[in-house]
$ cat query-v3.txt   # compact mmCIF, C-alpha atoms and all ligand atoms
# COMPACT_ATOMS: atom_id res chain seq x y z
CA MET A 30 4.21 -6.85 -37.82
CA SER A 31 3.73 -6.62 -34.08
CA ASP A 32 0.76 -4.78 -32.58
CA ALA A 33 3.12 -2.20 -31.17
CA ALA A 34 4.51 -1.23 -34.57
CA SER A 35 3.98 2.45 -35.26
CA LEU A 36 4.66 4.68 -38.21
CA GLN A 37 8.18 5.35 -36.95
CA ASP A 38 9.01 1.71 -37.33
CA PHE A 39 8.82 2.04 -41.07
CA MET A 40 11.77 2.98 -43.21
CA PRO A 41 11.08 5.40 -46.09
CA GLY A 42 11.00 2.41 -48.43
CA GLY A 43 8.13 0.89 -46.47
CA GLN A 44 10.14 -1.90 -44.81
CA LEU A 45 9.98 -2.42 -41.08
CA ALA A 46 12.97 -0.79 -39.37
CA PRO A 47 15.41 -3.35 -37.96
CA GLU A 48 15.33 -3.92 -34.21
CA PRO A 49 18.15 -2.03 -32.47
CA ASP A 50 21.07 -4.40 -31.93
CA ALA A 51 21.35 -5.04 -28.21
CA ARG A 52 24.76 -6.68 -28.46
CA PRO A 53 27.44 -4.35 -27.04
CA ASN A 54 29.75 -2.74 -29.57
CA LEU A 55 33.37 -3.47 -28.65
CA ILE A 56 34.76 -0.39 -30.41
CA GLY A 57 35.76 2.04 -27.69
CA LEU A 58 36.64 -0.60 -25.11
CA ASP A 59 40.24 -0.41 -23.94
CA ARG A 60 42.41 -3.29 -22.71
CA ASP A 61 40.73 -3.30 -19.30
CA GLY A 62 37.28 -3.26 -20.85
CA LEU A 63 38.12 -6.17 -23.11
CA ALA A 64 39.77 -8.04 -20.23
CA ALA A 65 36.59 -7.75 -18.18
CA LEU A 66 34.50 -8.96 -21.11
CA VAL A 67 36.73 -11.94 -21.77
CA LYS A 68 36.72 -12.85 -18.10
CA ASP A 69 32.92 -12.67 -17.99
CA MET A 70 32.84 -15.06 -20.91
CA GLY A 71 35.00 -17.50 -18.95
CA GLU A 72 37.91 -17.28 -21.38
CA PRO A 73 41.60 -17.06 -20.40
CA ALA A 74 43.04 -13.56 -19.99
CA PHE A 75 45.36 -13.74 -23.03
CA ARG A 76 42.29 -13.83 -25.28
CA ALA A 77 41.70 -10.14 -24.43
CA LYS A 78 45.09 -9.24 -25.86
CA GLN A 79 44.36 -11.15 -29.05
CA LEU A 80 40.98 -9.51 -29.38
CA TYR A 81 42.50 -6.07 -28.83
CA HIS A 82 45.07 -6.73 -31.54
CA TRP A 83 42.47 -7.90 -34.05
CA ILE A 84 40.14 -4.99 -33.43
CA TYR A 85 42.54 -2.08 -33.20
CA ASN A 86 45.70 -3.19 -34.94
CA ARG A 87 44.39 -5.36 -37.75
CA GLY A 88 41.06 -3.57 -38.13
CA ALA A 89 39.03 -6.78 -38.23
CA ALA A 90 35.35 -6.00 -38.62
CA ARG A 91 34.15 -9.60 -38.21
CA PHE A 92 34.87 -12.13 -35.50
CA GLU A 93 35.09 -14.91 -38.08
CA ASP A 94 38.28 -13.30 -39.45
CA MET A 95 40.07 -13.63 -36.10
CA THR A 96 41.78 -16.83 -37.11
CA ASN A 97 43.85 -17.46 -33.99
CA LEU A 98 40.77 -17.53 -31.76
CA SER A 99 39.01 -20.86 -31.28
CA LYS A 100 35.92 -21.43 -33.42
CA ALA A 101 33.80 -21.77 -30.32
CA PHE A 102 34.99 -18.46 -28.89
CA ARG A 103 34.43 -16.72 -32.22
CA ALA A 104 30.88 -18.06 -32.33
CA LYS A 105 30.26 -16.91 -28.77
CA LEU A 106 31.58 -13.43 -29.62
CA GLU A 107 29.40 -13.24 -32.71
CA GLU A 108 26.37 -14.10 -30.65
CA THR A 109 26.98 -11.63 -27.86
CA CYS A 110 29.03 -8.71 -29.25
CA ARG A 111 29.78 -6.71 -32.39
CA ILE A 112 32.45 -4.44 -33.84
CA ASP A 113 30.38 -1.91 -35.74
CA ARG A 114 31.67 1.28 -37.27
CA PRO A 115 29.38 4.27 -37.72
CA LYS A 116 27.33 4.09 -40.92
CA VAL A 117 28.10 6.36 -43.86
CA SER A 118 25.14 8.59 -44.75
CA MET A 119 27.04 10.45 -47.41
CA HIS A 120 30.51 10.38 -48.94
CA GLN A 121 31.91 13.02 -51.27
CA LYS A 122 35.26 13.44 -52.94
CA SER A 123 36.52 16.86 -53.96
CA LYS A 124 38.42 17.68 -57.15
CA ASP A 125 41.50 18.23 -54.96
CA GLY A 126 41.30 14.75 -53.41
CA THR A 127 39.74 15.84 -50.11
CA GLU A 128 37.08 13.39 -48.95
CA LYS A 129 34.17 14.08 -46.65
CA TRP A 130 31.93 11.61 -44.89
CA LEU A 131 28.69 12.25 -43.09
CA LEU A 132 28.58 9.56 -40.44
CA ARG A 133 25.45 8.27 -38.83
CA TYR A 134 25.44 6.80 -35.36
CA GLU A 135 22.93 4.27 -34.11
CA ASP A 136 20.76 6.91 -32.44
CA GLY A 137 20.41 8.64 -35.81
CA ASN A 138 22.76 11.49 -34.95
CA GLU A 139 25.29 12.54 -37.53
CA ALA A 140 28.81 13.95 -37.47
CA GLU A 141 31.28 14.83 -40.18
CA MET A 142 34.78 13.65 -40.92
CA VAL A 143 37.21 14.93 -43.56
CA PHE A 144 40.39 13.42 -45.05
CA ILE A 145 42.90 15.84 -46.52
CA PRO A 146 45.68 14.18 -48.55
CA GLU A 147 48.92 16.12 -49.05
CA THR A 148 52.17 15.10 -50.67
CA ASP A 149 54.01 14.31 -47.44
CA ARG A 150 51.09 13.36 -45.19
CA GLY A 151 47.40 12.65 -44.89
CA THR A 152 45.32 14.37 -42.24
CA LEU A 153 42.06 13.06 -40.88
CA CYS A 154 39.85 15.71 -39.31
CA ILE A 155 37.43 14.18 -36.80
CA SER A 156 34.52 15.41 -34.68
CA SER A 157 34.15 15.33 -30.91
CA GLN A 158 30.51 16.38 -30.48
CA VAL A 159 27.29 16.42 -32.46
CA GLY A 160 26.87 20.19 -32.65
CA CYS A 161 28.94 22.26 -30.22
CA SER A 162 28.63 23.58 -26.65
CA LEU A 163 29.98 26.97 -27.75
CA THR A 164 28.92 29.82 -29.99
CA CYS A 165 31.94 31.33 -31.78
CA ALA A 166 30.59 34.10 -33.97
CA PHE A 167 32.28 33.06 -37.24
CA CYS A 168 31.64 29.30 -36.97
CA HIS A 169 28.67 27.56 -38.50
CA THR A 170 28.81 24.69 -36.02
CA GLY A 171 28.38 27.34 -33.32
CA THR A 172 24.86 28.03 -34.61
CA GLN A 173 23.84 24.43 -34.03
CA LYS A 174 22.72 23.24 -30.66
CA LEU A 175 24.80 20.70 -28.81
CA VAL A 176 22.96 17.48 -29.49
CA ARG A 177 25.29 15.18 -27.61
CA ASN A 178 28.87 14.39 -26.80
CA LEU A 179 30.41 11.60 -28.84
CA THR A 180 31.45 8.54 -26.85
CA PRO A 181 35.00 7.13 -27.02
CA GLY A 182 33.63 4.41 -29.33
CA ASP A 183 32.00 7.01 -31.59
CA ILE A 184 35.28 8.91 -31.85
CA VAL A 185 37.57 5.91 -32.37
CA GLY A 186 34.95 4.53 -34.78
CA GLN A 187 35.59 7.53 -37.06
CA VAL A 188 39.28 6.70 -37.35
CA MET A 189 38.54 3.01 -37.89
CA LEU A 190 35.98 3.73 -40.59
CA ALA A 191 38.44 6.05 -42.32
CA ARG A 192 41.06 3.30 -42.30
CA ASP A 193 38.49 0.92 -43.79
CA ALA A 194 37.48 3.42 -46.47
CA LEU A 195 41.04 4.35 -47.40
CA GLY A 196 42.37 0.78 -47.30
CA ASP A 197 44.77 1.86 -44.59
CA TRP A 198 44.93 -1.11 -42.23
CA ALA A 199 47.44 -3.25 -44.07
CA GLN A 200 50.31 -0.78 -43.63
CA THR A 201 52.40 -1.26 -40.56
CA GLU A 202 54.91 1.54 -41.06
CA GLU A 203 53.55 4.93 -40.12
CA ALA A 204 55.30 6.43 -43.14
CA GLY A 205 53.34 4.16 -45.44
CA ARG A 206 49.98 5.07 -44.08
CA ARG A 207 47.53 7.33 -45.84
CA ILE A 208 46.32 8.69 -42.52
CA SER A 209 49.48 9.95 -40.83
CA ASN A 210 47.95 12.73 -38.75
CA ILE A 211 44.74 13.36 -36.88
CA VAL A 212 43.25 16.73 -36.03
CA LEU A 213 40.36 17.22 -33.64
CA MET A 214 39.03 20.10 -35.72
CA GLY A 215 35.70 18.78 -36.94
CA MET A 216 32.42 19.47 -35.19
CA GLY A 217 32.47 20.28 -31.50
CA GLU A 218 34.73 21.52 -28.74
CA PRO A 219 36.90 18.57 -27.67
CA LEU A 220 37.54 20.07 -24.25
CA TYR A 221 33.85 20.12 -23.43
CA ASN A 222 33.99 16.35 -23.91
CA THR A 223 37.41 15.84 -22.43
CA ASP A 224 37.05 12.41 -20.81
CA SER A 225 35.74 10.73 -23.93
CA VAL A 226 38.24 12.51 -26.18
CA MET A 227 41.11 11.46 -23.94
CA ASP A 228 39.95 7.85 -23.75
CA ALA A 229 39.58 7.80 -27.53
CA MET A 230 43.01 9.32 -28.13
CA ARG A 231 44.62 6.83 -25.75
CA LEU A 232 43.23 4.08 -27.96
CA VAL A 233 44.17 5.80 -31.22
CA SER A 234 47.74 6.45 -30.08
CA ASP A 235 48.45 3.05 -28.52
CA GLY A 236 51.42 1.52 -30.34
CA ASP A 237 49.91 -1.98 -30.13
CA GLY A 238 46.66 -0.77 -31.62
CA ILE A 239 45.83 1.96 -34.13
CA ALA A 240 49.27 3.42 -33.43
CA ILE A 241 49.07 7.03 -34.53
CA GLY A 242 51.65 8.81 -32.39
CA ARG A 243 50.52 11.42 -29.87
CA ARG A 244 52.51 14.17 -31.51
CA LYS A 245 50.70 13.44 -34.76
CA ILE A 246 47.38 14.06 -33.08
CA THR A 247 46.44 17.72 -32.73
CA LEU A 248 43.71 18.80 -30.38
CA SER A 249 42.22 22.15 -31.32
CA THR A 250 40.44 24.09 -28.61
CA SER A 251 38.76 27.44 -28.34
CA GLY A 252 40.45 27.76 -24.94
CA VAL A 253 38.97 25.67 -22.13
CA VAL A 254 41.86 26.52 -19.82
CA PRO A 255 41.54 23.91 -17.01
CA ASP A 256 41.30 21.09 -19.52
CA ILE A 257 44.26 22.31 -21.56
CA ARG A 258 46.29 21.71 -18.40
CA ARG A 259 44.74 18.26 -17.94
CA VAL A 260 45.35 17.10 -21.48
CA GLY A 261 48.91 18.41 -21.29
CA ALA A 262 49.66 16.59 -18.06
CA GLU A 263 47.95 13.30 -18.92
CA LEU A 264 48.30 12.83 -22.67
CA GLY A 265 50.75 15.17 -24.37
CA LEU A 266 48.94 15.60 -27.66
CA SER A 267 49.94 18.39 -30.00
CA LEU A 268 47.98 21.52 -29.22
CA ALA A 269 46.23 24.09 -31.40
CA ILE A 270 44.50 27.12 -29.96
CA SER A 271 41.72 28.95 -31.76
CA LEU A 272 42.87 32.42 -30.83
CA HIS A 273 41.31 34.61 -33.56
CA ALA A 274 41.66 37.89 -31.63
CA VAL A 275 44.45 39.54 -29.68
CA ASN A 276 42.48 41.60 -27.18
CA ASP A 277 39.79 40.51 -24.74
CA GLU A 278 37.18 42.92 -26.00
CA LEU A 279 37.19 41.45 -29.50
CA ARG A 280 37.80 37.88 -28.40
CA ASN A 281 34.83 38.06 -26.01
CA ARG A 282 32.70 38.68 -29.07
CA LEU A 283 34.32 36.26 -31.52
CA VAL A 284 35.13 33.40 -29.14
CA PRO A 285 32.71 33.87 -26.22
CA ILE A 286 34.46 31.35 -23.95
CA ASN A 287 37.01 34.13 -23.58
CA ARG A 288 34.60 35.75 -21.09
CA LYS A 289 35.29 32.81 -18.79
CA TYR A 290 38.97 32.24 -19.62
CA PRO A 291 40.47 35.53 -20.88
CA ILE A 292 43.58 35.80 -23.02
CA ALA A 293 46.05 36.19 -20.13
CA GLU A 294 44.84 32.95 -18.51
CA LEU A 295 44.89 31.17 -21.86
CA MET A 296 48.47 32.29 -22.47
CA ASP A 297 49.51 31.03 -19.02
CA ALA A 298 47.97 27.63 -19.71
CA VAL A 299 49.74 27.37 -23.06
CA ARG A 300 53.04 28.54 -21.59
CA GLY A 301 52.75 25.69 -19.08
CA TYR A 302 51.85 23.06 -21.70
CA PRO A 303 54.42 20.29 -21.30
CA GLY A 304 56.85 19.45 -24.07
CA LEU A 305 56.69 22.63 -26.15
CA THR A 306 59.98 23.16 -27.99
CA THR A 307 60.99 24.60 -31.33
CA SER A 308 60.44 21.18 -32.86
CA ARG A 309 57.07 20.87 -31.17
CA ARG A 310 55.21 24.13 -31.33
CA VAL A 311 51.74 25.18 -30.33
CA THR A 312 49.63 26.16 -33.34
CA TRP A 313 47.70 29.43 -33.10
CA GLU A 314 44.70 29.36 -35.37
CA TYR A 315 43.65 32.78 -36.55
CA VAL A 316 40.68 33.21 -38.86
CA MET A 317 41.06 36.24 -41.11
CA LEU A 318 37.98 38.45 -40.85
CA LYS A 319 37.90 41.53 -43.04
CA GLY A 320 38.22 44.75 -41.05
CA VAL A 321 37.71 42.90 -37.75
CA ASN A 322 40.97 41.27 -36.62
CA ASP A 323 43.28 41.60 -39.63
CA SER A 324 45.22 44.87 -39.20
CA ASP A 325 49.01 45.22 -39.04
CA ALA A 326 48.60 46.34 -35.43
CA ASP A 327 46.77 43.06 -34.68
CA ALA A 328 49.70 41.13 -36.18
CA ARG A 329 52.16 43.03 -33.98
CA THR A 330 50.07 42.42 -30.85
CA LEU A 331 49.95 38.75 -31.76
CA LEU A 332 53.76 38.68 -31.87
CA ARG A 333 53.90 40.20 -28.39
CA LEU A 334 51.43 37.68 -27.00
CA MET A 335 53.39 34.71 -28.34
CA GLU A 336 56.73 35.94 -27.05
CA GLY A 337 58.65 33.14 -25.38
CA ILE A 338 56.22 30.40 -26.51
CA PRO A 339 57.41 28.00 -29.26
CA SER A 340 54.70 28.86 -31.74
CA LYS A 341 53.47 28.56 -35.28
CA VAL A 342 50.62 30.58 -36.66
CA ASN A 343 48.01 29.25 -39.03
CA LEU A 344 46.09 32.04 -40.75
CA ILE A 345 42.73 30.65 -41.86
CA PRO A 346 40.87 32.43 -44.65
CA PHE A 347 37.31 32.82 -43.36
CA ASN A 348 34.85 30.44 -45.00
CA PRO A 349 31.46 32.11 -45.26
CA TRP A 350 28.21 30.31 -44.50
CA PRO A 351 24.53 31.37 -44.79
CA GLY A 352 23.78 34.14 -42.34
CA SER A 353 27.39 34.72 -41.28
CA GLU A 354 28.10 38.36 -40.48
CA PHE A 355 31.74 38.38 -41.66
CA GLU A 356 33.74 38.52 -44.85
CA CYS A 357 37.13 37.03 -45.51
CA SER A 358 40.06 39.46 -45.50
CA ASP A 359 41.44 40.37 -48.92
CA PRO A 360 44.36 38.20 -50.04
CA ALA A 361 46.73 41.21 -49.96
CA ARG A 362 45.72 41.93 -46.34
CA ILE A 363 46.38 38.33 -45.35
CA GLU A 364 49.80 38.48 -47.06
CA SER A 365 50.68 41.68 -45.24
CA PHE A 366 49.65 40.16 -41.88
CA LEU A 367 51.75 37.11 -42.70
CA ALA A 368 54.74 39.23 -43.72
CA ILE A 369 54.80 40.96 -40.31
CA LEU A 370 54.91 37.57 -38.60
CA HIS A 371 57.62 36.29 -40.96
CA ARG A 372 59.79 39.40 -40.55
CA ALA A 373 59.80 38.72 -36.81
CA GLY A 374 61.03 35.18 -37.50
CA THR A 375 57.76 33.49 -36.62
CA VAL A 376 56.73 30.25 -38.32
CA ALA A 377 53.46 31.10 -40.02
CA THR A 378 51.39 29.81 -42.92
CA ILE A 379 48.12 30.52 -44.64
CA ARG A 380 45.85 27.50 -44.44
CA LYS A 381 45.01 26.31 -47.91
CA THR A 382 41.29 25.97 -48.38
CA ARG A 383 40.61 22.37 -49.30
CA GLY A 384 37.49 20.64 -50.48
CA GLN A 385 35.53 23.83 -51.05
CA ASP A 386 33.46 22.23 -53.83
CA ILE A 387 32.10 19.73 -51.30
CA LEU A 388 31.79 22.23 -48.40
CA ALA A 389 34.45 20.40 -46.43
CA ALA A 390 36.40 23.52 -45.44
CA CYS A 391 36.68 24.70 -41.82
CA GLY A 392 33.43 25.98 -40.40
CA GLN A 393 31.47 24.83 -43.44
CA LEU A 394 30.57 21.42 -42.19
CA LYS A 395 26.85 20.89 -42.59
CA SER A 396 26.38 24.21 -44.40
CA GLU A 397 23.83 24.84 -47.08
CA SER A 398 23.86 27.66 -49.51
CA GLU A 399 20.80 29.80 -48.87
CA ARG A 400 20.62 33.07 -46.94
CA ILE A 401 18.64 33.31 -43.71
CA GLY A 402 15.68 35.53 -42.82
CA LYS A 403 14.88 37.65 -39.76
CA ARG A 404 12.97 34.88 -37.99
CA GLU A 405 15.88 32.51 -38.38
CA ARG A 406 18.23 35.20 -37.05
CA LEU A 407 16.04 35.63 -33.94
CA ARG A 408 15.96 31.88 -33.43
CA LEU A 409 19.75 31.73 -33.66
CA ASP A 410 20.12 34.60 -31.16
CA ALA A 411 17.89 32.77 -28.67
CA LEU A 412 19.81 29.52 -29.18
CA ARG A 413 23.10 31.33 -28.64
CA ALA A 414 21.86 32.80 -25.34
CA GLU A 415 20.67 29.38 -24.22
CA LYS A 416 23.97 27.68 -25.09
CA GLU A 417 26.05 30.38 -23.40
CA ALA A 418 23.98 30.09 -20.21
CA ALA A 419 24.51 26.31 -20.26
CA VAL A 420 28.31 26.70 -20.10
CA GLY A 421 28.15 29.56 -17.62
CA LEU A 422 28.98 32.49 -19.88
N1 LIG B 1 36.10 23.56 -31.36
C1 LIG B 1 37.46 23.49 -31.68
C2 LIG B 1 37.77 22.62 -32.86
C3 LIG B 1 36.85 22.69 -34.05
S1 LIG B 1 36.86 24.15 -35.03
C4 LIG B 1 38.03 24.87 -31.85
O1 LIG B 1 37.28 25.82 -31.89
O2 LIG B 1 39.25 24.98 -31.91
C5 LIG B 1 38.33 23.99 -36.02
C6 LIG B 1 38.89 25.32 -36.49
O3 LIG B 1 38.10 25.89 -37.54
C7 LIG B 1 38.95 26.36 -35.39
O4 LIG B 1 40.15 27.06 -35.37
C8 LIG B 1 37.82 27.26 -35.78
O5 LIG B 1 37.97 28.50 -35.18
C9 LIG B 1 37.92 27.27 -37.29
N2 LIG B 1 36.73 27.77 -37.95
C10 LIG B 1 35.45 27.69 -37.53
N3 LIG B 1 34.61 28.28 -38.41
C11 LIG B 1 35.37 28.76 -39.41
C12 LIG B 1 35.08 29.46 -40.62
N4 LIG B 1 33.83 29.79 -40.97
N5 LIG B 1 36.10 29.79 -41.42
C13 LIG B 1 37.37 29.44 -41.10
N6 LIG B 1 37.71 28.78 -39.98
C14 LIG B 1 36.72 28.44 -39.13
FE1 LIG B 2 32.56 25.20 -31.38
FE2 LIG B 2 35.08 25.40 -32.31
FE3 LIG B 2 32.99 26.28 -33.75
FE4 LIG B 2 33.74 27.58 -31.55
S1 LIG B 2 34.94 27.32 -33.44
S2 LIG B 2 31.63 27.08 -32.12
S3 LIG B 2 34.34 25.91 -30.23
S4 LIG B 2 33.39 24.17 -33.19
$ encode --input "query-v3.txt" --output "structure tokens"
Amino acid sequence: MSDAASLQDFMPGGQLAPEPDARPNLIGLDRDGLAALVKDMGEPAFRAKQLYHWIYNRGAARFEDMTNLSKAFRAKLEETCRIDRPKVSMHQKSKDGTEKWLLRYEDGNEAEMVFIPETDRGTLCISSQVGCSLTCAFCHTGTQKLVRNLTPGDIVGQVMLARDALGDWAQTEEAGRRISNIVLMGMGEPLYNTDSVMDAMRLVSDGDGIAIGRRKITLSTSGVVPDIRRVGAELGLSLAISLHAVNDELRNRLVPINRKYPIAELMDAVRGYPGLTTSRRVTWEYVMLKGVNDSDADARTLLRLMEGIPSKVNLIPFNPWPGSEFECSDPARIESFLAILHRAGTVATIRKTRGQDILAACGQLKSESERIGKRERLRLDALRAEKEAAVGL
């Protein structure tokens, strides 16, 4: 033990904590990043392409498995770099097959990831931030402070870990893969971490690498208008908008970013989103809150707002969490709302709640089951004010 060792150096089991690994993690580096690394190591440029292929296409987690690289180069890589995924703090599997992982990054921060298998596809729901910049009234993540943005490596690392865990690297055909779709619907607002999310999605969608097509990746945003335009112009991912209310007064309360980018501006940005057609629609997410946003009149206003935009609506039964001030609409109310949309010819579905027994459903990530007291409520109010000031609301 060194003189400098302090209590924090000890793991709960009493062992000395390992030294942080100073070798750079290659996950998150793109072709250019790997090219620069390979050049620095005095290796020929084509080595970068091989390395890229091993890391992102084959999913190699160890340099020693990269059999077409020279032994000497492999040893040099081992000495100076690593290809580490996030660690798994917790893994749970629901009765319905949904799986949830709590991932731990090197700085000790944690984020959640969920895999939702369906008959015709498998969707991986990933996080973009630890916590969230925003404070939507019905969302549990909104009550947590923003701890930090995830880096491109942290984000791509989620997908790579999921492929490891699901044995999903060996498949080459997209149809044969367990993870066919990705949704950025975990913790965080992806468009308050736009650069890292875009870098990560470039890597995930690259046909020579992880190769999940851009249309199969859906970015869900609460409505950061300028960045919707940017993502549309530069990447062309599928888009989902967390609308949740059809007038500004209510949306200002439910989705406070609406005070900065009101509904009319949001609609303009979506209308201008490149590539929207009837085979590639924007998804409007709409959480069903009893007596708040679930009337027939709301459904009719929603139809008017979407006019002329290739759309599908996803009605999300509200998932309660400790201290939440809302209730989920009654099933009959949700059906009636849905029927109005259907009668107008709109594509609309009710999102099935998956993984409820492991608290993997939307807005439940990191929830516990107790109620909160007055002091906790005051603390949350203060945190909300602080977060809103930080994003200029
Ligand atoms: N920040 C992004 C993506 C993450 S939230 C966004 O807001 O779009 C993913 C989806 O879950 C959003 O549509 C969000 O509004 C919804 N959601 C959040 N809390 C929920 C809850 N308690 N019940 C149901 N849906 C919820
Ligand atoms: Fe953040 Fe999305 Fe939750 Fe709003 S709904 S607080 S943007 S994670």
$ closest_residue --input "query-v3.txt" --among "A:Ala104, A:Ala65, A:Ala361, A:Met142" --to "ligand LIG 1 (chain B)" --atoms "all atoms listed in the file"
A:Met142
$ residues_around --input "query-v3.txt" --residues "range 238-254 of chain A" --least-positions-apart "3" --cutoff "6 Å" --atoms "all atoms listed in the file" --output "list of chain:residue names"
A:Tyr85, A:Asn86, A:Asn210, A:Ile211, A:Val212, A:Leu213, A:Met214, A:Val233, A:Ser234, A:Asp235, A:Ile257, A:Leu266, A:Ser267, A:Leu268, A:Ala269, A:Ile270, A:Ser271, A:Leu295
$ closest_residue --input "query-v3.txt" --among "A:Gly88, A:Gly320, A:Gly160, A:Gly301" --to "ligand LIG 1 (chain B)" --atoms "all atoms listed in the file"
A:Gly160
$ atom_distance --input "query-v3.txt" --atom1 "CA of Leu131 in chain A" --atom2 "CA of Val117 in chain A"
6.0 Å
$ atom_distance --input "query-v3.txt" --atom1 "CA of Cys357 in chain A" --atom2 "CA of Leu331 in chain A"
18.9 Å
$ closest_residue --input "query-v3.txt" --among "A:Gly126, A:Gly217, A:Gly265, A:Pro49" --to "Asp386 in chain A" --atoms "all atoms listed in the file"
A:Gly126
$ residues_near_ligand --input "query-v3.txt" --ligand "ligand LIG 2 (chain B)" --cutoff "9 Å" --atoms "only C-alpha atoms and all ligand atoms" --output "PDB file with C-alpha atoms, in the frame of the given file"
ATOM      1  CA  SER A 156      34.520  15.410 -34.680  1.00  0.00           C
ATOM      2  CA  GLN A 158      30.510  16.380 -30.480  1.00  0.00           C
ATOM      3  CA  GLY A 160      26.870  20.190 -32.650  1.00  0.00           C
ATOM      4  CA  CYS A 161      28.940  22.260 -30.220  1.00  0.00           C
ATOM      5  CA  SER A 162      28.630  23.580 -26.650  1.00  0.00           C
ATOM      6  CA  LEU A 163      29.980  26.970 -27.750  1.00  0.00           C
ATOM      7  CA  THR A 164      28.920  29.820 -29.990  1.00  0.00           C
ATOM      8  CA  CYS A 165      31.940  31.330 -31.780  1.00  0.00           C
ATOM      9  CA  ALA A 166      30.590  34.100 -33.970  1.00  0.00           C
ATOM     10  CA  PHE A 167      32.280  33.060 -37.240  1.00  0.00           C
ATOM     11  CA  CYS A 168      31.640  29.300 -36.970  1.00  0.00           C
ATOM     12  CA  HIS A 169      28.670  27.560 -38.500  1.00  0.00           C
ATOM     13  CA  THR A 170      28.810  24.690 -36.020  1.00  0.00           C
ATOM     14  CA  GLY A 171      28.380  27.340 -33.320  1.00  0.00           C
ATOM     15  CA  THR A 172      24.860  28.030 -34.610  1.00  0.00           C
ATOM     16  CA  GLN A 173      23.840  24.430 -34.030  1.00  0.00           C
ATOM     17  CA  MET A 214      39.030  20.100 -35.720  1.00  0.00           C
ATOM     18  CA  GLY A 215      35.700  18.780 -36.940  1.00  0.00           C
ATOM     19  CA  MET A 216      32.420  19.470 -35.190  1.00  0.00           C
ATOM     20  CA  GLY A 217      32.470  20.280 -31.500  1.00  0.00           C
ATOM     21  CA  GLU A 218      34.730  21.520 -28.740  1.00  0.00           C
ATOM     22  CA  PRO A 219      36.900  18.570 -27.670  1.00  0.00           C
ATOM     23  CA  LEU A 220      37.540  20.070 -24.250  1.00  0.00           C
ATOM     24  CA  TYR A 221      33.850  20.120 -23.430  1.00  0.00           C
ATOM     25  CA  SER A 249      42.220  22.150 -31.320  1.00  0.00           C
ATOM     26  CA  THR A 250      40.440  24.090 -28.610  1.00  0.00           C
ATOM     27  CA  SER A 251      38.760  27.440 -28.340  1.00  0.00           C
ATOM     28  CA  GLY A 252      40.450  27.760 -24.940  1.00  0.00           C
ATOM     29  CA  SER A 271      41.720  28.950 -31.760  1.00  0.00           C
ATOM     30  CA  LEU A 283      34.320  36.260 -31.520  1.00  0.00           C
ATOM     31  CA  VAL A 284      35.130  33.400 -29.140  1.00  0.00           C
ATOM     32  CA  PRO A 285      32.710  33.870 -26.220  1.00  0.00           C
ATOM     33  CA  ILE A 286      34.460  31.350 -23.950  1.00  0.00           C
ATOM     34  CA  CYS A 391      36.680  24.700 -41.820  1.00  0.00           C
ATOM     35  CA  GLY A 392      33.430  25.980 -40.400  1.00  0.00           C
TER      36      GLY A 392
END
$ residues_around --input "query-v3.txt" --residues "Leu106 in chain A" --least-positions-apart "3" --cutoff "12 Å" --atoms "only C-alpha atoms" --output "list in words"
Arg52, Pro53, Asn54, Leu55, Leu63, Leu66, Val67, Asp69, Met70, Gly71, Glu72, Arg76, Ala77, Leu80, Arg91, Phe92, Glu93, Asp94, Met95, Leu98, Ser99, Lys100, Ala101, Phe102, Arg103, Thr109, Cys110, Arg111 and Ile112 of chain A
$ residues_near_point --input "query-v3.txt" --point "(51.8, 32.3, -20.9)" --cutoff "12 Å" --atoms "only C-alpha atoms" --output "ChimeraX atom specification"
/A:254,291-302,311,333-340
$ build_atoms --input "query-v3.txt" --residues "range 131-138 of chain A" --atoms "N, CA and C atoms" --output "tab-separated table (two decimals), in the coordinates of the input"
chain	number	residue	atom	x	y	z
A	131	LEU	N	29.68	11.97	-44.12
A	131	LEU	CA	28.69	12.25	-43.09
A	131	LEU	C	28.40	10.91	-42.43
A	132	LEU	N	28.70	10.84	-41.14
A	132	LEU	CA	28.58	9.56	-40.44
A	132	LEU	C	27.30	9.54	-39.61
A	133	ARG	N	26.70	8.39	-39.57
A	133	ARG	CA	25.45	8.27	-38.83
A	133	ARG	C	25.63	7.25	-37.71
A	134	TYR	N	25.35	7.70	-36.50
A	134	TYR	CA	25.44	6.80	-35.36
A	134	TYR	C	24.10	6.11	-35.15
A	135	GLU	N	24.13	5.10	-34.26
A	135	GLU	CA	22.93	4.27	-34.11
A	135	GLU	C	21.70	5.05	-33.66
A	136	ASP	N	21.92	6.13	-32.90
A	136	ASP	CA	20.76	6.91	-32.44
A	136	ASP	C	20.27	7.88	-33.52
A	137	GLY	N	20.87	7.79	-34.71
A	137	GLY	CA	20.41	8.64	-35.81
A	137	GLY	C	21.18	9.94	-35.91
A	138	ASN	N	21.99	10.25	-34.89
A	138	ASN	CA	22.76	11.49	-34.95
A	138	ASN	C	23.91	11.38	-35.93
